[in-house]
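Heads up, structure31.cif below (mmCIF, C-alpha atoms and all ligand atoms):
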data_my_file
loop_
_atom_site.label_atom_id
_atom_site.label_comp_id
_atom_site.auth_asym_id
_atom_site.auth_seq_id
_atom_site.Cartn_x
_atom_site.Cartn_y
_atom_site.Cartn_z
CA MET A 1 0.00 0.00 0.00
CA PRO A 2 1.39 3.47 -0.88
CA ASP A 3 1.63 6.03 1.95
CA PRO A 4 -1.64 7.92 2.39
CA GLN A 5 -1.77 11.42 0.93
CA THR A 6 -2.90 14.30 3.11
CA LEU A 7 -6.23 15.96 2.42
CA LEU A 8 -6.59 19.23 4.34
CA LEU A 9 -10.14 20.53 4.82
CA VAL A 10 -10.22 24.22 5.76
CA GLY A 11 -13.42 25.35 7.49
CA ALA A 12 -16.19 23.04 8.70
CA GLY A 13 -19.13 24.46 6.76
CA HIS A 14 -21.93 22.70 4.88
CA THR A 15 -19.70 20.76 2.46
CA HIS A 16 -16.90 19.70 4.77
CA LEU A 17 -19.29 18.55 7.52
CA HIS A 18 -20.47 15.91 5.04
CA LEU A 19 -16.87 14.89 4.29
CA LEU A 20 -16.15 14.59 8.03
CA ARG A 21 -19.15 12.32 8.40
CA HIS A 22 -17.78 10.15 5.58
CA ALA A 23 -14.11 10.32 6.58
CA ASP A 24 -13.98 6.50 6.56
CA ARG A 25 -14.69 6.52 2.80
CA LEU A 26 -11.92 9.04 2.21
CA ARG A 27 -9.51 6.96 4.28
CA ALA A 28 -10.46 3.83 2.34
CA ALA A 29 -9.60 5.75 -0.84
CA GLY A 30 -6.10 6.46 0.49
CA TRP A 31 -6.41 9.85 2.22
CA ARG A 32 -5.19 10.95 5.62
CA VAL A 33 -7.81 13.59 6.44
CA GLU A 34 -6.95 16.69 8.49
CA LEU A 35 -9.23 19.56 9.41
CA LEU A 36 -8.36 23.19 10.12
CA ALA A 37 -11.44 24.87 11.60
CA PRO A 38 -12.91 26.46 14.72
CA ARG A 39 -14.44 24.19 17.37
CA TRP A 40 -18.09 25.05 16.62
CA PHE A 41 -20.26 25.36 13.53
CA ASP A 42 -23.36 27.57 13.64
CA TYR A 43 -26.13 26.75 11.19
CA SER A 44 -27.58 29.77 9.40
CA GLY A 45 -30.98 28.15 8.74
CA VAL A 46 -31.86 29.13 12.30
CA GLY A 47 -29.43 32.09 12.34
CA SER A 48 -32.03 34.86 12.47
CA ALA A 49 -34.20 33.05 15.05
CA VAL A 50 -31.15 32.59 17.31
CA ALA A 51 -30.11 36.21 16.75
CA THR A 52 -33.49 37.61 17.77
CA GLY A 53 -33.74 35.27 20.76
CA ALA A 54 -36.62 33.13 19.40
CA LEU A 55 -34.42 30.00 19.53
CA PRO A 56 -31.50 29.16 21.85
CA LEU A 57 -27.92 29.16 20.52
CA GLU A 58 -27.77 25.36 20.82
CA ALA A 59 -30.58 24.98 18.27
CA GLY A 60 -28.10 25.55 15.45
CA ARG A 61 -24.75 24.65 16.97
CA LEU A 62 -22.69 21.61 16.02
CA ASP A 63 -19.61 20.29 17.78
CA VAL A 64 -17.05 20.10 14.98
CA ALA A 65 -14.43 18.63 17.30
CA GLY A 66 -16.78 15.78 18.25
CA LEU A 67 -17.57 15.04 14.62
CA ALA A 68 -13.87 15.05 13.66
CA ALA A 69 -12.93 12.81 16.60
CA ARG A 70 -15.68 10.30 15.74
CA GLY A 71 -14.43 10.25 12.12
CA GLY A 72 -10.79 9.75 13.15
CA VAL A 73 -9.86 13.12 11.61
CA ARG A 74 -7.01 15.15 13.09
CA HIS A 75 -8.56 18.52 13.96
CA HIS A 76 -6.41 21.66 14.23
CA VAL A 77 -8.65 24.05 16.17
CA ASP A 78 -7.40 27.20 14.49
CA THR A 79 -8.06 29.27 11.36
CA LEU A 80 -6.33 29.61 8.01
CA ALA A 81 -4.10 32.67 7.64
CA GLY A 82 -1.78 31.84 4.72
CA LEU A 83 -1.43 29.37 1.87
CA ASP A 84 1.41 28.48 -0.46
CA PRO A 85 -0.27 26.49 -3.26
CA ARG A 86 3.06 25.67 -4.97
CA GLY A 87 4.81 24.46 -1.79
CA ARG A 88 1.48 22.95 -0.59
CA VAL A 89 1.67 24.44 2.88
CA ALA A 90 -1.10 26.16 4.85
CA THR A 91 -0.28 28.54 7.70
CA THR A 92 -2.68 28.99 10.60
CA ALA A 93 -3.49 32.12 12.60
CA THR A 94 -1.32 30.83 15.45
CA GLY A 95 1.62 30.17 13.11
CA GLN A 96 1.36 26.37 12.62
CA ARG A 97 2.51 25.15 9.19
CA LEU A 98 0.42 22.32 7.79
CA GLY A 99 1.62 20.43 4.72
CA TYR A 100 -0.94 18.84 2.38
CA ASP A 101 -1.28 17.12 -0.97
CA VAL A 102 -4.77 18.46 -1.67
CA VAL A 103 -6.58 21.28 0.13
CA SER A 104 -10.30 22.12 0.09
CA ILE A 105 -11.33 25.58 1.24
CA GLY A 106 -14.79 26.23 2.66
CA ILE A 107 -14.53 29.34 4.81
CA GLY A 108 -17.95 30.87 4.12
CA SER A 109 -18.63 34.56 3.58
CA VAL A 110 -18.69 37.97 5.25
CA THR A 111 -21.26 40.78 5.19
CA SER A 112 -20.85 43.03 2.19
CA ASP A 113 -20.24 46.64 3.32
CA LEU A 114 -22.08 48.09 0.26
CA GLY A 115 -19.01 50.19 -0.44
CA VAL A 116 -20.01 52.79 2.18
CA PRO A 117 -18.54 53.59 5.62
CA VAL A 118 -19.96 51.28 8.29
CA GLY A 119 -19.26 52.18 11.92
CA ALA A 120 -18.03 49.75 14.56
CA GLY A 121 -21.03 48.53 16.56
CA VAL A 122 -23.23 47.92 13.51
CA VAL A 123 -24.31 44.25 13.56
CA GLY A 124 -23.52 42.39 10.32
CA VAL A 125 -25.38 39.21 9.36
CA LYS A 126 -22.10 37.29 8.89
CA PRO A 127 -20.17 35.82 10.53
CA LEU A 128 -23.02 34.38 12.59
CA ALA A 129 -21.00 34.83 15.78
CA GLY A 130 -21.46 38.59 15.28
CA LEU A 131 -25.17 38.30 14.46
CA GLN A 132 -25.71 36.22 17.60
CA THR A 133 -24.87 39.31 19.70
CA LEU A 134 -28.05 41.00 18.43
CA ALA A 135 -30.52 39.83 21.10
CA GLY A 136 -28.07 40.76 23.86
CA ARG A 137 -27.88 44.32 22.56
CA LEU A 138 -31.65 44.84 22.75
CA PRO A 139 -33.21 45.97 26.01
CA ASP A 140 -35.51 43.40 27.71
CA GLU A 141 -37.99 46.15 28.13
CA GLY A 142 -38.03 49.63 26.69
CA ALA A 143 -38.24 51.08 23.29
CA ALA A 144 -35.42 50.42 20.87
CA VAL A 145 -35.61 51.59 17.27
CA VAL A 146 -33.75 49.28 14.88
CA THR A 147 -32.70 49.97 11.31
CA VAL A 148 -32.14 46.95 9.06
CA VAL A 149 -30.29 47.77 5.83
CA GLY A 150 -30.97 45.32 3.00
CA ALA A 151 -34.32 43.83 1.99
CA GLY A 152 -33.00 40.48 0.76
CA PRO A 153 -33.86 37.19 2.53
CA SER A 154 -31.84 37.73 5.72
CA GLY A 155 -32.84 41.42 6.03
CA LEU A 156 -36.52 40.51 5.61
CA GLU A 157 -36.28 37.74 8.20
CA LEU A 158 -34.58 40.00 10.72
CA ALA A 159 -36.86 43.02 10.19
CA ALA A 160 -39.99 40.86 10.43
CA GLN A 161 -38.79 38.99 13.52
CA LEU A 162 -37.54 42.10 15.31
CA SER A 163 -40.93 43.79 14.79
CA THR A 164 -42.52 41.15 17.05
CA ARG A 165 -39.88 41.28 19.76
CA ALA A 166 -40.36 42.80 23.19
CA GLY A 167 -38.10 45.79 23.74
CA VAL A 168 -38.34 46.94 20.12
CA ARG A 169 -40.50 50.03 19.53
CA GLY A 170 -39.89 50.43 15.83
CA VAL A 171 -38.20 48.69 12.90
CA ARG A 172 -37.08 50.48 9.75
CA LEU A 173 -36.11 48.48 6.66
CA VAL A 174 -33.96 50.41 4.18
CA ASP A 175 -33.00 49.30 0.68
CA GLY A 176 -31.63 51.05 -2.41
CA GLY A 177 -33.78 48.91 -4.76
CA ASP A 178 -37.43 49.34 -5.72
CA VAL A 179 -38.86 46.19 -4.14
CA VAL A 180 -38.45 44.02 -1.07
CA GLY A 181 -37.23 40.45 -1.68
CA PRO A 182 -36.29 40.86 -5.35
CA SER A 183 -35.56 37.12 -5.66
CA LEU A 184 -39.12 36.21 -4.55
CA PRO A 185 -42.06 35.65 -6.90
CA THR A 186 -44.42 38.66 -7.11
CA GLY A 187 -47.20 37.16 -4.96
CA ALA A 188 -44.72 36.20 -2.24
CA ARG A 189 -43.28 39.69 -2.25
CA ARG A 190 -46.74 41.17 -1.75
CA HIS A 191 -47.33 38.73 1.10
CA VAL A 192 -44.15 39.88 2.87
CA GLU A 193 -45.07 43.52 2.27
CA ARG A 194 -48.44 42.89 3.95
CA VAL A 195 -46.80 41.16 6.94
CA LEU A 196 -44.36 44.06 7.36
CA ALA A 197 -47.13 46.67 7.02
CA ARG A 198 -49.35 44.86 9.56
CA ARG A 199 -46.50 44.87 12.04
CA GLY A 200 -45.74 48.56 11.53
CA VAL A 201 -42.32 48.12 9.88
CA GLU A 202 -41.34 51.32 8.09
CA VAL A 203 -40.07 50.29 4.63
CA LEU A 204 -37.89 52.81 2.78
CA LEU A 205 -37.18 51.74 -0.81
CA ALA A 206 -35.01 53.44 -3.44
CA ALA A 207 -33.15 54.79 -0.39
CA ARG A 208 -29.42 54.63 -1.04
CA VAL A 209 -27.36 54.44 2.14
CA GLU A 210 -24.28 56.67 2.26
CA ARG A 211 -23.17 55.87 5.76
CA LEU A 212 -24.30 53.49 8.50
CA ASP A 213 -23.48 54.09 12.15
CA PRO A 214 -24.68 52.41 15.36
CA THR A 215 -26.91 55.42 16.10
CA SER A 216 -27.90 56.73 12.66
CA VAL A 217 -28.13 56.04 8.95
CA THR A 218 -27.32 58.69 6.36
CA LEU A 219 -29.18 58.46 3.05
CA ALA A 220 -28.05 59.83 -0.32
CA ASP A 221 -30.92 62.36 -0.31
CA GLY A 222 -29.39 63.94 2.80
CA ARG A 223 -31.75 62.46 5.41
CA VAL A 224 -30.15 61.31 8.66
CA LEU A 225 -32.39 58.83 10.51
CA GLU A 226 -31.63 57.92 14.10
CA HIS A 227 -31.86 54.49 15.73
CA ASP A 228 -30.64 52.55 18.74
CA LEU A 229 -29.27 49.60 16.77
CA ALA A 230 -28.33 48.98 13.15
CA VAL A 231 -28.20 45.66 11.30
CA LEU A 232 -26.38 45.37 7.98
CA ALA A 233 -27.91 42.73 5.70
CA GLY A 234 -26.84 44.14 2.36
CA GLY A 235 -25.58 40.86 0.88
CA LEU A 236 -22.67 38.46 1.31
CA ALA A 237 -19.14 38.58 -0.13
CA ALA A 238 -16.18 36.22 -0.04
CA PRO A 239 -13.92 36.77 2.98
CA PRO A 240 -11.06 39.26 2.32
CA LEU A 241 -8.70 36.34 3.10
CA VAL A 242 -9.44 34.91 -0.37
CA ALA A 243 -7.79 37.93 -2.03
CA ASP A 244 -5.06 38.12 0.64
CA LEU A 245 -4.11 34.51 -0.19
CA GLY A 246 -3.90 35.41 -3.89
CA LEU A 247 -6.54 32.76 -4.68
CA GLY A 248 -9.30 35.07 -5.93
CA ASP A 249 -11.12 38.30 -5.08
CA GLU A 250 -14.24 39.51 -3.24
CA ARG A 251 -16.32 37.37 -5.65
CA GLY A 252 -14.60 34.27 -4.30
CA VAL A 253 -12.11 31.54 -5.23
CA PRO A 254 -12.70 30.88 -8.95
CA VAL A 255 -13.50 27.21 -9.46
CA ARG A 256 -14.38 24.98 -12.40
CA ALA A 257 -17.40 22.67 -12.42
CA THR A 258 -15.14 20.09 -10.71
CA LEU A 259 -14.83 22.57 -7.78
CA GLN A 260 -11.08 22.83 -8.45
CA HIS A 261 -9.37 26.22 -8.62
CA VAL A 262 -9.10 27.41 -12.22
CA GLU A 263 -5.29 27.41 -11.94
CA HIS A 264 -4.46 24.92 -9.18
CA ASP A 265 -5.64 21.30 -9.51
CA ASP A 266 -4.73 20.62 -5.86
CA VAL A 267 -6.93 23.43 -4.50
CA TYR A 268 -10.70 22.94 -4.24
CA ALA A 269 -13.16 25.57 -2.97
CA VAL A 270 -16.80 25.13 -1.97
CA GLY A 271 -19.80 27.02 -0.64
CA ASP A 272 -19.98 30.78 -0.22
CA CYS A 273 -16.23 31.41 -0.54
CA ALA A 274 -16.12 29.87 -4.03
CA ARG A 275 -16.94 31.58 -7.33
CA PHE A 276 -18.43 28.92 -9.56
CA THR A 277 -17.15 30.05 -12.97
CA PRO A 278 -19.59 28.05 -15.17
CA ARG A 279 -22.32 30.40 -13.90
CA PRO A 280 -22.92 32.79 -10.98
CA LEU A 281 -24.54 31.20 -7.92
CA PRO A 282 -26.31 32.98 -5.06
CA ARG A 283 -24.67 32.64 -1.65
CA ILE A 284 -27.06 30.14 -0.08
CA GLY A 285 -26.23 27.14 2.08
CA VAL A 286 -28.02 24.80 -0.32
CA HIS A 287 -25.13 25.00 -2.79
CA GLY A 288 -22.61 24.01 -0.12
CA VAL A 289 -24.87 21.08 0.85
CA ARG A 290 -25.28 19.87 -2.73
CA GLN A 291 -21.60 20.28 -3.58
CA ALA A 292 -20.70 17.88 -0.77
CA PRO A 293 -21.45 14.53 -2.50
CA VAL A 294 -19.71 15.79 -5.65
CA LEU A 295 -16.55 16.71 -3.76
CA LEU A 296 -16.63 13.45 -1.80
CA ALA A 297 -16.93 11.35 -4.98
CA ALA A 298 -14.20 13.37 -6.74
CA LEU A 299 -11.79 12.93 -3.83
CA GLU A 300 -12.55 9.22 -3.53
CA ALA A 301 -11.80 8.76 -7.25
CA ARG A 302 -8.68 10.90 -7.04
CA GLY A 303 -7.41 9.02 -3.98
CA ARG A 304 -7.79 5.73 -5.84
CA GLY A 305 -5.88 7.15 -8.81
CA GLU A 306 -8.99 7.19 -11.03
CA ASP A 307 -10.22 9.98 -13.30
CA ALA A 308 -12.12 12.44 -11.09
CA GLY A 309 -13.09 14.79 -13.93
CA GLN A 310 -16.55 13.24 -14.36
CA HIS A 311 -17.60 14.48 -10.90
CA VAL A 312 -18.93 17.95 -11.61
CA TYR A 313 -21.38 20.19 -9.79
CA ARG A 314 -24.58 20.80 -11.75
CA PRO A 315 -26.56 23.42 -9.83
CA ARG A 316 -30.33 23.17 -9.99
CA GLU A 317 -32.30 26.14 -11.25
CA HIS A 318 -34.72 26.38 -8.30
CA PHE A 319 -34.47 25.59 -4.59
CA LEU A 320 -36.98 25.68 -1.81
CA SER A 321 -36.25 28.62 0.47
CA VAL A 322 -38.22 29.34 3.62
CA LEU A 323 -38.10 32.73 5.36
CA ASP A 324 -38.84 32.71 9.08
CA LEU A 325 -40.90 35.89 9.55
CA GLY A 326 -41.36 35.48 13.31
CA ALA A 327 -44.46 35.01 15.46
CA GLY A 328 -44.93 31.47 14.12
CA HIS A 329 -45.18 32.60 10.50
CA ALA A 330 -42.97 31.77 7.50
CA LEU A 331 -42.91 32.14 3.76
CA ALA A 332 -41.84 29.22 1.56
CA ALA A 333 -40.92 29.80 -2.09
CA ARG A 334 -39.57 27.71 -4.94
CA GLY A 335 -39.42 29.18 -8.42
CA ARG A 336 -42.80 30.87 -8.99
CA TRP A 337 -44.57 28.80 -6.31
CA TRP A 338 -44.99 30.19 -2.80
CA TRP A 339 -46.90 29.57 0.40
CA GLY A 340 -47.10 31.69 3.58
CA GLY A 341 -48.32 30.74 7.04
CA ARG A 342 -47.76 28.59 10.13
CA GLY A 343 -47.38 25.39 8.11
CA ALA A 344 -44.44 26.90 6.22
CA LEU A 345 -42.62 27.53 9.50
CA MET A 346 -43.34 24.00 10.71
CA LEU A 347 -41.85 22.70 7.45
CA LYS A 348 -38.75 24.87 7.88
CA ARG A 349 -38.23 23.77 11.49
CA ARG A 350 -38.60 20.13 10.47
CA ILE A 351 -36.05 20.44 7.63
CA ASP A 352 -33.56 22.34 9.83
CA ARG A 353 -33.97 19.95 12.77
CA ARG A 354 -33.49 16.90 10.58
CA TRP A 355 -30.28 18.35 9.09
CA ILE A 356 -28.82 19.28 12.48
CA GLU A 357 -29.83 15.98 14.10
CA SER A 358 -28.23 13.95 11.32
CA TYR A 359 -24.89 15.52 12.30
CA ARG A 360 -25.53 15.21 16.05
CA ALA A 361 -26.03 11.49 15.50
CA ALA A 362 -22.57 11.40 13.88
CA GLY A 363 -20.92 13.05 16.91
CA GLY A 364 -21.50 16.75 16.09
C1 LIG B 1 -29.25 35.30 8.73
C2 LIG B 1 -28.97 34.34 7.62
C3 LIG B 1 -29.88 33.33 7.33
C4 LIG B 1 -29.64 32.46 6.27
N1 LIG B 1 -30.55 31.47 6.02
C5 LIG B 1 -30.33 30.60 5.03
C6 LIG B 1 -31.27 29.55 4.77
O1 LIG B 1 -32.30 29.43 5.44
N2 LIG B 1 -30.99 28.70 3.74
C7 LIG B 1 -29.86 28.83 2.96
O2 LIG B 1 -29.66 28.03 2.04
N3 LIG B 1 -28.96 29.80 3.19
C8 LIG B 1 -29.17 30.70 4.20
N4 LIG B 1 -28.25 31.69 4.44
C9 LIG B 1 -27.01 31.73 3.64
C10 LIG B 1 -26.02 30.78 4.27
O3 LIG B 1 -25.67 31.27 5.54
C11 LIG B 1 -24.72 30.61 3.52
O4 LIG B 1 -24.95 30.48 2.16
C12 LIG B 1 -24.00 29.37 4.05
O5 LIG B 1 -23.68 29.51 5.42
C13 LIG B 1 -22.73 29.10 3.28
O6 LIG B 1 -22.20 27.88 3.70
P1 LIG B 1 -20.64 27.64 3.76
O7 LIG B 1 -20.49 26.24 4.16
O8 LIG B 1 -20.02 28.11 2.49
O9 LIG B 1 -20.12 28.63 4.88
P2 LIG B 1 -20.42 28.68 6.44
O10 LIG B 1 -21.70 28.03 6.77
O11 LIG B 1 -20.26 30.12 6.82
O12 LIG B 1 -19.23 27.81 7.05
C14 LIG B 1 -17.91 28.23 6.92
C15 LIG B 1 -17.14 27.80 8.14
O13 LIG B 1 -15.77 28.18 7.95
C16 LIG B 1 -15.24 28.66 9.17
N5 LIG B 1 -14.16 29.60 8.84
C17 LIG B 1 -14.27 30.89 8.49
N6 LIG B 1 -13.04 31.43 8.28
C18 LIG B 1 -12.15 30.44 8.48
C19 LIG B 1 -10.72 30.36 8.39
N7 LIG B 1 -9.96 31.40 8.04
N8 LIG B 1 -10.13 29.17 8.67
C20 LIG B 1 -10.87 28.08 9.01
N9 LIG B 1 -12.21 28.09 9.11
C21 LIG B 1 -12.85 29.27 8.84
C22 LIG B 1 -16.41 29.31 9.89
O14 LIG B 1 -16.20 29.27 11.28
C23 LIG B 1 -17.61 28.47 9.42
O15 LIG B 1 -17.96 27.50 10.37
C24 LIG B 1 -28.47 32.59 5.48
C25 LIG B 1 -27.55 33.60 5.78
C26 LIG B 1 -27.79 34.47 6.82
C27 LIG B 1 -26.79 35.55 7.12
#
Would you encode the structure as structure tokens?
Ligand SMILES: Cc1cc2nc3c(=O)[nH]c(=O)nc-3n(C[C@H](O)[C@H](O)[C@H](O)COP(=O)(O)OP(=O)(O)OC[C@H]3O[C@@H](n4cnc5c(N)ncnc54)[C@H](O)[C@@H]3O)c2cc1C
Amino acid sequence: MPDPQTLLLVGAGHTHLHLLRHADRLRAAGWRVELLAPRWFDYSGVGSAVATGALPLEAGRLDVAGLAARGGVRHHVDTLAGLDPRGRVATTATGQRLGYDVVSIGIGSVTSDLGVPVGAGVVGVKPLAGLQTLAGRLPDEGAAVVTVVGAGPSGLELAAQLSTRAGVRGVRLVDGGDVVGPSLPTGARRHVERVLARRGVEVLLAARVERLDPTSVTLADGRVLEHDLAVLAGGLAAPPLVADLGLGDERGVPVRATLQHVEHDDVYAVGDCARFTPRPLPRIGVHGVRQAPVLLAALEARGRGEDAGQHVYRPREHFLSVLDLGAGHALAARGRWWWGGRGALMLKRRIDRRWIESYRAAGG
């Protein structure tokens, strides 16, 4: 038997969690699997509910160390800080040097700053560790006014949920576009608009933000609107580390359909930090989940010395997405189909719980 080659997984997000669960298959194909990632993974499907205090932190938290240990994977509890793709060495934030034969990068995304000044103290939707501080910043009682910037899925979830929370007197949702939820079908958009109106959320559209501070937002028309807390939900971008490593830019690590870097066959990238060059993909967890079996099969083939080129990611056109709008209400949409109500939230909770529990059963 030849010596095993080292596969280094960086980040324990949606794709790599699946590889950790199937580490035995990777080992059987000839890999020694190592993981470089923080101890915990927080699941964004319940991210807004945890942030607003509707669900406890544990509802979406997985023990990455437990999962790695169960899979016999050596876990470096640290983060990636440098990479030399030619020398095949990764450097961690604490200065460890980790050699590898193949590396897969899945380090997620950060909140896009919209290209405007954003003051310290504004809560961004990513990383989730920052968003999770939201509930703690709201008074238990009292009358906080919150501005949410960005009327995409996470901004809509947060504005709707915050409007039902004790301690919040008013919610303002600000977006530079003409509609809320531009990715939603028209009927679903109207449904969300009605929910927001019923709950007294002030929606400001075609309102370009020039500056966002913890106590005020400055709009391009000169208005300065005051608040007690600001949430930035203006979209997701690849972490600045991607550009710092020389592997890509704010759009992500450019990968082929095989999920390999366009220039480095030994570097794979998955999920939000990747830029899928065959066609642009939205930054949603579903892609990371669906890339997982493709990456696993490709690495198994590669480990066995077979042709891995047939294992390509073919994204589907439409996915089910369910927005948790708070107070027991959700909106489910897929393509042009949509459905709003209590049943939609029960469906979302069931899907999320099943996903989390499948990893808990594997040691996570
Ligand atoms: C509020 C909110 C709600 C959302 N709801 C949904 C939803 O319901 N459905 C959906 O499909 N999408 C949803 N999304 C989008 C979803 O969060 C992302 O698309 C998804 O998390 C991307 O998965 P990932 O595996 O690429 O990254 P992540 O899930 O972010 O995982 C990346 C991991 O890498 C780790 N990491 C980061 N930097 C480093 C480093 N330097 N070294 C090592 N490890 C590192 C992180 O700790 C993290 O655990 C939501 C987003 C937000 C903000």
Item to complete: Compute the set of protein, DNA and RNA residues whose minimum atom distance to ligand LIG 1 (chain B) is at most 7 Å, using only C-alpha atoms and all ligand atoms, and state it as an NGL selection string.
Response: :A and (10-15 or 36-38 or 40-48 or 78-81 or 106-109 or 125-128 or 154 or 270-273 or 283-286 or 288 or 321-323)
Worksheet item: Out of A:Thr52, A:Gln291, A:Ser358, A:Gln260, which residue has the shortest atom-to-atom distance to Arg165 (chain A) when counting all atoms listed in the file?
Response: A:Thr52
Worksheet item: Using only C-alpha atoms, which of the listed residues (A:Thr258, A:Arg199, A:Ala188, A:Pro56) sits closest to Ala327 (chain A)?
Response: A:Arg199
Worksheet item: Counting all atoms listed in the file, which of A:Glu263, A:Asp178, A:Glu357, A:Asp324 gets nearest to Leu247 (chain A)?
Response: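 Distance minimum relative to Leu247 (chain A) lands on A:Glu263.
Shell of Thr164 (chain A) at 12 Å, with all atoms listed in the file counted and residues fewer than 3 places along the chain excluded, is Ala49, Thr52, Gly53, Ala54, Glu157, Leu158, Ala159, Ala160, Gln161, Gly167, Val168, Arg169, Gly170, Val171, Val195, Leu196, Arg198, Arg199, Gly200, Val201, Leu325, Gly326, Ala327, Gly328 and His329 of chain A.
For the set A:Asp63, A:Asp265, A:Glu193, A:Glu58, the residue with the smallest atom-to-atom gap to Leu20 (chain A) is A:Asp63, counting all atoms listed in the file.
Minimum atom-to-atom distance to Arg354 (chain A), evaluated using only C-alpha atoms, belongs to A:Gly60 out of A:Gly60, A:Pro4, A:Gly341, A:Gly142.
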Worksheet item: When you draw a straight line from CA of Gly234 (chain A) to CA of Asp221 (chain A), how long is it in Å?
Response: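 These atoms are spaced 18.9 Å apart.
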Worksheet item: Which distance in Å separates CA of Arg334 (chain A) and CA of Pro293 (chain A), to one decimal?
Response: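 These two atoms are separated by 22.5 Å.
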Discussion item. Please report the interatomic distance between CA of Arg208 (chain A) and CA of Leu331 (chain A) in Å with one decimal.
Written reply: 26.7 Å
Discussion item. For a quick check of understanding, using all atoms listed in the file, which of A:Leu241, A:Val102, A:Ala292, A:Leu205 has the smallest distance to Gly82 (chain A)?
Written reply: A:Leu241
Return the padded bounding box of region 352-355 of chain A as AutoDock Vina command-line options: axis-aligned, built from all atoms listed in the file, 8 Å added on each side, with centre and edge lengths in Å to one decimal.
--center_x -32.1 --center_y 19.6 --center_z 10.9 --size_x 19.7 --size_y 21.4 --size_z 19.7
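Neighbours of Ala28 (chain A) closer than or equal to 12 Å, with all atoms listed in the file counted and sequence neighbours fewer than 4 positions away skipped, come out as Met1, Pro4, Gln5, His22, Ala23, Asp24, Arg32, Val33, Leu299, Glu300, Ala301, Arg302, Gly303 and Arg304 of chain A.
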Worksheet item: Need the neighbours of (-17.9, 48.7, 21.4): which residues are at most 12 Å away, counting all atoms listed in the file, as JSON, numbers by chain?
Response: {"A": [119, 120, 121, 122, 123, 133, 137, 214]}
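Near Tyr268 (chain A), within a cut-off of 8 Å and counting only C-alpha atoms, sit the residues Val102, Val103, Ser104, Ile105, Val255, Leu259, Gln260 and His261 of chain A, with same-chain residues fewer than 6 positions away left out.
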Next, dump the selected residues to file, keeping only C-alpha atoms, as a CSV table (one decimal), keeping the file's coordinate frame.
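This went into result_8.csv:
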chain,number,residue,atom,x,y,z
A,102,VAL,CA,-4.8,18.5,-1.7
A,103,VAL,CA,-6.6,21.3,0.1
A,104,SER,CA,-10.3,22.1,0.1
A,105,ILE,CA,-11.3,25.6,1.2
A,255,VAL,CA,-13.5,27.2,-9.5
A,259,LEU,CA,-14.8,22.6,-7.8
A,260,GLN,CA,-11.1,22.8,-8.4
A,261,HIS,CA,-9.4,26.2,-8.6
